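Peer 1: So here's run.txt, just compact mmCIF, C-alpha atoms:
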# COMPACT_ATOMS: atom_id res chain seq x y z
CA MET A 1 -38.55 -11.12 2.22
CA ASN A 2 -40.65 -8.15 3.24
CA ARG A 3 -41.13 -4.76 1.64
CA ARG A 4 -38.20 -3.17 3.51
CA THR A 5 -35.61 -5.78 2.50
CA THR A 6 -36.84 -5.64 -1.08
CA LEU A 7 -36.27 -1.89 -1.14
CA LEU A 8 -32.83 -2.30 0.47
CA THR A 9 -31.83 -4.94 -2.08
CA ALA A 10 -33.02 -2.76 -4.96
CA ALA A 11 -31.09 0.21 -3.57
CA GLU A 12 -27.93 -1.85 -3.18
CA LEU A 13 -28.21 -3.24 -6.72
CA LEU A 14 -28.78 0.27 -8.06
CA GLY A 15 -25.73 1.55 -6.17
CA TRP A 16 -23.49 -1.23 -7.51
CA TRP A 17 -24.86 -0.69 -11.02
CA ALA A 18 -24.16 3.07 -10.91
CA ALA A 19 -20.62 2.60 -9.60
CA LEU A 20 -19.77 -0.14 -12.13
CA ALA A 21 -21.30 1.77 -15.06
CA LEU A 22 -19.26 4.83 -14.06
CA LEU A 23 -16.11 2.68 -13.97
CA TRP A 24 -16.91 1.36 -17.46
CA LEU A 25 -17.44 4.92 -18.71
CA VAL A 26 -14.00 5.88 -17.39
CA PHE A 27 -12.21 2.87 -18.91
CA ILE A 28 -13.53 2.92 -22.49
CA SER A 29 -11.64 4.92 -25.12
CA ALA A 30 -14.52 5.94 -27.44
CA VAL A 31 -17.91 6.94 -26.00
CA ASP A 32 -20.70 5.82 -28.36
CA THR A 33 -24.14 4.24 -28.04
CA LEU A 34 -22.99 0.64 -28.42
CA GLU A 35 -20.32 1.04 -25.73
CA LEU A 36 -22.86 2.59 -23.37
CA ALA A 37 -25.37 -0.23 -24.00
CA VAL A 38 -22.76 -2.95 -23.46
CA GLY A 39 -21.47 -1.11 -20.37
CA ALA A 40 -24.96 -0.82 -18.86
CA ALA A 41 -25.57 -4.55 -19.43
CA ALA A 42 -22.17 -5.57 -18.03
CA ALA A 43 -22.68 -3.31 -15.01
CA ALA A 44 -26.07 -4.98 -14.38
CA VAL A 45 -24.47 -8.45 -14.37
CA GLY A 46 -21.65 -7.12 -12.17
CA ALA A 47 -24.15 -5.59 -9.74
CA LEU A 48 -25.94 -8.94 -9.33
CA ALA A 49 -22.60 -10.70 -8.77
CA ALA A 50 -21.40 -8.06 -6.27
CA HIS A 51 -24.66 -8.29 -4.31
CA ALA A 52 -24.45 -12.09 -4.23
CA ALA A 53 -20.79 -11.97 -3.17
CA ARG A 54 -21.47 -9.48 -0.38
CA ARG A 55 -24.34 -11.60 0.91
CA ALA A 56 -22.16 -14.71 0.79
CA VAL A 57 -19.56 -12.96 2.97
CA THR A 58 -21.86 -11.28 5.50
CA ASP A 59 -24.77 -13.75 5.90
CA ARG A 60 -22.89 -16.78 7.16
CA MET B 1 14.02 6.81 -26.91
CA ASN B 2 12.48 9.64 -24.90
CA GLY B 3 12.48 10.58 -21.23
CA TRP B 4 9.43 8.44 -20.42
CA ILE B 5 10.93 5.31 -21.95
CA LEU B 6 14.24 6.02 -20.22
CA ALA B 7 12.46 6.33 -16.87
CA ALA B 8 10.56 3.09 -17.58
CA ALA B 9 13.83 1.36 -18.46
CA LEU B 10 15.38 2.54 -15.18
CA VAL B 11 12.40 1.26 -13.17
CA LEU B 12 12.44 -2.05 -15.07
CA ALA B 13 16.19 -2.57 -14.77
CA GLY B 14 16.67 -1.27 -11.23
CA GLY B 15 13.38 -2.16 -9.59
CA VAL B 16 11.98 -5.19 -11.40
CA GLY B 17 15.52 -6.55 -11.94
CA ALA B 18 16.25 -6.33 -8.22
CA THR B 19 12.96 -7.96 -7.25
CA LEU B 20 13.42 -10.77 -9.80
CA TRP B 21 16.80 -11.43 -8.17
CA GLY B 22 15.03 -11.46 -4.82
CA VAL B 23 12.43 -13.94 -6.10
CA ALA B 24 15.09 -16.24 -7.53
CA SER B 25 17.39 -16.36 -4.49
CA GLY B 26 17.39 -16.33 -0.73
CA PRO B 27 14.99 -17.63 1.91
CA LEU B 28 11.24 -18.07 1.37
CA ARG B 29 10.19 -14.99 3.36
CA ARG B 30 12.34 -12.76 1.18
CA ARG B 31 11.06 -14.37 -1.99
CA VAL B 32 7.37 -13.75 -1.25
CA ILE B 33 8.08 -10.09 -0.46
CA ALA B 34 10.06 -9.69 -3.68
CA GLN B 35 7.27 -11.40 -5.63
CA ASN B 36 4.78 -8.91 -4.18
CA LEU B 37 6.98 -5.94 -5.07
CA THR B 38 7.59 -7.16 -8.65
CA THR B 39 4.09 -6.30 -9.85
CA ALA B 40 4.09 -3.07 -7.81
CA LEU B 41 7.20 -1.96 -9.75
CA ALA B 42 6.23 -3.33 -13.18
CA CYS B 43 2.92 -1.44 -13.12
CA PRO B 44 4.46 2.09 -12.96
CA ALA B 45 6.97 1.02 -15.63
CA LEU B 46 4.08 -0.03 -17.93
CA LEU B 47 2.34 3.30 -17.28
CA LEU B 48 5.54 5.14 -18.24
CA LEU B 49 5.90 3.01 -21.38
CA ALA B 50 2.29 3.79 -22.40
CA GLN B 51 3.11 7.48 -22.09
CA GLY B 52 6.46 7.08 -23.86
CA TYR B 53 4.94 5.28 -26.85
CA ASP B 54 1.93 7.67 -26.83
CA ARG B 55 -0.50 4.75 -26.80
CA PRO B 56 -3.09 5.42 -24.07
CA SER B 57 -4.68 2.00 -24.59
CA TYR B 58 -1.48 0.38 -23.20
CA VAL B 59 -2.61 1.70 -19.79
CA ASP B 60 -5.00 -1.27 -19.75
CA VAL B 61 -2.05 -3.64 -19.28
CA ALA B 62 -0.93 -1.74 -16.18
CA LEU B 63 -4.52 -1.66 -14.91
CA VAL B 64 -4.92 -5.43 -15.21
CA LEU B 65 -1.52 -5.97 -13.56
CA ALA B 66 -2.45 -3.63 -10.69
CA LEU B 67 -5.60 -5.69 -10.16
CA LEU B 68 -4.17 -9.20 -10.52
CA GLY B 69 -0.73 -8.73 -8.90
CA PRO B 70 -1.99 -8.34 -5.31
CA VAL B 71 -4.50 -11.17 -5.93
CA GLY B 72 -1.55 -13.43 -6.82
CA THR B 73 0.25 -12.40 -3.64
CA LEU B 74 -2.87 -13.21 -1.59
CA VAL B 75 -2.87 -16.70 -3.13
CA PHE B 76 0.77 -17.16 -2.05
CA ALA B 77 -0.01 -15.77 1.42
CA ARG B 78 -2.79 -18.34 1.77
CA LEU B 79 -0.87 -21.31 0.36
CA LEU B 80 2.30 -20.55 2.34
CA ALA B 81 0.45 -19.60 5.56
CA ASP B 82 1.91 -22.55 7.49
CA GLU B 83 5.50 -21.69 6.58
CA LEU B 84 5.04 -17.97 7.22
CA THR B 85 3.06 -17.89 10.48
CA GLY B 86 6.08 -18.48 12.76
CA ASP B 87 8.06 -15.49 11.47
CA PRO B 88 5.81 -13.47 9.15
CA PRO B 89 7.74 -11.44 6.55
CA ARG B 90 7.47 -7.71 7.14
CA ALA B 91 8.88 -5.20 4.67
CA TRP B 92 6.98 -1.98 5.31
CA GLY B 93 9.92 0.21 4.29
CA ALA B 94 10.15 -1.38 0.84
CA THR B 95 6.35 -1.51 0.51
CA TRP B 96 5.90 2.20 1.22
CA ALA B 97 8.92 3.13 -0.95
CA VAL B 98 7.38 1.29 -3.91
CA ALA B 99 3.96 2.79 -3.14
CA GLY B 100 5.63 6.22 -3.15
CA LEU B 101 7.17 5.52 -6.56
CA GLY B 102 3.75 4.51 -7.89
CA THR B 103 2.21 7.68 -6.44
CA VAL B 104 4.86 9.90 -8.02
CA VAL B 105 4.52 8.22 -11.44
CA VAL B 106 0.71 8.44 -11.44
CA ALA B 107 0.81 12.07 -10.23
CA ILE B 108 3.27 13.10 -12.96
CA LEU B 109 1.28 11.30 -15.68
CA CYS B 110 -1.93 12.97 -14.46
CA ALA B 111 -0.21 16.36 -14.45
CA VAL B 112 1.11 16.17 -18.03
CA ALA B 113 -2.17 14.94 -19.55
CA ALA B 114 -5.24 17.09 -20.09
CA PRO B 115 -7.82 16.38 -17.38
CA GLY B 116 -10.50 13.99 -18.56
CA ARG B 117 -11.59 10.37 -18.48
CA ALA B 118 -7.99 9.22 -19.04
CA THR B 119 -6.99 11.02 -15.82
CA ALA B 120 -9.74 9.19 -13.92
CA LYS B 121 -8.51 5.89 -15.38
CA LEU B 122 -4.94 6.66 -14.24
CA LEU B 123 -6.18 7.53 -10.76
CA VAL B 124 -8.18 4.28 -10.53
CA THR B 125 -5.06 2.37 -11.63
CA GLY B 126 -2.99 4.17 -8.98
CA VAL B 127 -5.49 3.45 -6.22
CA LEU B 128 -5.65 -0.24 -7.20
CA LEU B 129 -1.84 -0.40 -7.39
CA ILE B 130 -1.12 1.17 -4.01
CA GLY B 131 -4.14 -0.13 -2.13
CA GLY B 132 -3.66 -3.64 -3.49
CA ASN B 133 -0.01 -3.80 -2.53
CA VAL B 134 -0.55 -2.42 0.97
CA VAL B 135 -3.29 -5.03 1.52
CA ALA B 136 -1.07 -7.79 0.07
CA SER B 137 1.90 -6.75 2.26
CA ARG B 138 -0.36 -6.74 5.30
CA ALA B 139 -1.60 -10.22 4.41
CA LEU B 140 1.99 -11.47 4.11
CA ALA B 141 2.85 -9.89 7.47
CA GLY B 142 0.03 -11.86 9.08
CA GLY B 143 -2.16 -8.78 9.52
CA PHE B 144 -5.34 -10.68 8.66
CA GLY B 145 -4.76 -13.48 11.13
CA GLY B 146 -8.23 -12.97 12.57
CA VAL B 147 -9.89 -13.81 9.26
CA ARG B 148 -11.66 -17.15 9.48
CA ARG B 149 -10.21 -19.64 7.07
CA GLY B 150 -12.91 -21.31 5.04
If you took the structure in this file and wrote it as structure tokens, what would it be?

Peer 2:
Amino acid sequence: MNRRTTLLTAAELLGWWAALALLWLVFISAVDTLELAVGAAAAAVGALAAHAARRAVTDR
Amino acid sequence: MNGWILAAALVLAGGVGATLWGVASGPLRRRVIAQNLTTALACPALLLLAQGYDRPSYVDVALVLALLGPVGTLVFARLLADELTGDPPRAWGATWAVAGLGTVVVAILCAVAAPGRATAKLLVTGVLLIGGNVVASRALAGGFGGVRRG
């Protein structure tokens, strides 16, 4: 894994995280700090899973 | 009883009732199509009920159904692939009619509510509902025949 692929992976993870966090923000009913913290954490887990799933589909 | 609940009752009785009849009777190819359309009709009815009861959190039920309904159809399309490959079931008229109903319901609900996060949630639900059912109908019609089977 060279520098370029590391940057690409980080960019993809960041993109997934932003999209999933935005989705969470849209779906919750009350916007408060706890919801935002839980949403950011859940979006991070979701971003890792989405990246792994995309790699499983394309790199075979 | 208000107009929203009446509209939901009409969709449930006319649409979901008809598709349940289709699921319970007739040949296999008609049953899988009716099964696909059941969730596509129940989802707008649930959205109308959420509006009728003035409980925005009930939209979550429709959202989950819009997500899981087409997934269920894809499971059927995969499991019944051998039976359906010879004469794949195509029902584009019904599919687009139901998609049109979903579009109209989501558009009306977006129009009556104040724009905000709830509107975005409704739009996401509508996109999942229509996109999911078009993809599921295409899978039933054998449109993804080129996909390698794991």

Peer 1: Within 8 Å of chain A, which residues of chain B are there when counting only C-alpha atoms? Please give them as a ChimeraX atom specification.

Peer 2: /B:57,117-118,120-121

Peer 1: Please, what distance in Å, to one decimal, runs between CA of Leu140 in chain B and CA of Ala62 in chain B?

Peer 2: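 Separation between CA of Leu140 in chain B and CA of Ala62 in chain B: 22.7 Å.
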
Peer 1: One decimal, in Å: what's the spacing between CA of Val59 in chain B and CA of Ala77 in chain B?

Peer 2: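 For CA of Val59 in chain B relative to CA of Ala77 in chain B, the distance reads 27.6 Å.
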
Peer 1: Skipping near chain neighbours, those fewer than 3 positions away, what residues fall within 12 Å of Arg30 in chain B using only C-alpha atoms, listed as a list of chain:residue names?

Peer 2: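 Near neighbours after the sequence-gap exclusion: B:Thr19, B:Leu20, B:Trp21, B:Gly22, B:Val23, B:Ala24, B:Ser25, B:Gly26, B:Pro27, B:Ile33, B:Ala34, B:Gln35, B:Asn36, B:Leu37, B:Leu84, B:Asp87, B:Pro88, B:Pro89, B:Arg90, B:Ala91, B:Ala94, B:Leu140, B:Ala141.
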
Peer 1: Using all atoms listed in the file, which of the listed residues (A:Thr58, A:Ala42, A:Thr6, A:Val31) sits closest to Ala19 in chain A?

Peer 2: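 Using all atoms listed in the file, Ala19 in chain A sits closest to A:Ala42.
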
Peer 1: Please measure the separation of CA of Ala139 in chain B and CA of Thr85 in chain B, giving the value in Å to one decimal.

Peer 2: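 Computing it gives 10.8 Å between the two atoms.
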
Peer 1: Enclose all atoms of range 49-57 of chain B listed in the file in an axis-aligned box, grow every side by 5 Å, and hand back centre and edge lengths in Å to one decimal, as AutoDock Vina command-line options.

Peer 2:
--center_x 0.9 --center_y 4.8 --center_z -24.1 --size_x 21.1 --size_y 15.7 --size_z 15.5

Peer 1: Rank nothing, just name the residue among B:Pro56, B:Gly3, B:Gly100, B:Gly143 nearest to Gly126 in chain B, using all atoms listed in the file.

Peer 2: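 Closest candidate: B:Gly100.
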
Peer 1: Take the point (-4.9, 8.0, -8.2) as written in the file and pick out every residue within 10 Å of it, counting all atoms listed in the file; give the list as a ChimeraX atom specification.

Peer 2: /B:102-107,110,119-130

Peer 1: Smallest atom-to-atom distance to Leu48 in chain B: which of B:Val64, B:Ala7, B:Leu28, B:Leu80, using all atoms listed in the file?

Peer 2: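 Of all the options, B:Ala7 lies closest to Leu48 in chain B.
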
Peer 1: Under the rule that all atoms listed in the file are counted, which of B:Ala114, B:Val71, B:Val135, B:Leu79 is the nearest residue to Trp96 in chain B?

Peer 2: B:Val135

Peer 1: Rank B:Trp92, B:Phe144, B:Tyr53, B:Trp4 by their smallest atom-to-atom distance to Leu109 in chain B, using only C-alpha atoms, and report the top residue only.

Peer 2: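 The closest residue to Leu109 in chain B is B:Trp4.
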
Peer 1: Please tell me which residues are no farther than 10 Å from (-25.1, -3.4, -16.4) in the file, counting only C-alpha atoms, and write them as JSON, numbers by chain.

Peer 2: {"A": [14, 16, 17, 18, 20, 21, 24, 36, 37, 38, 39, 40, 41, 42, 43, 44, 45, 46, 47, 48]}

Peer 1: In terms of the shortest atom-to-atom distance over only C-alpha atoms, which of B:Ile5, B:Val32, B:Leu12, B:Gly17 is closest to Phe76 in chain B?

Peer 2: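 Residue with the minimum atom-to-atom distance to Phe76 in chain B: B:Val32.
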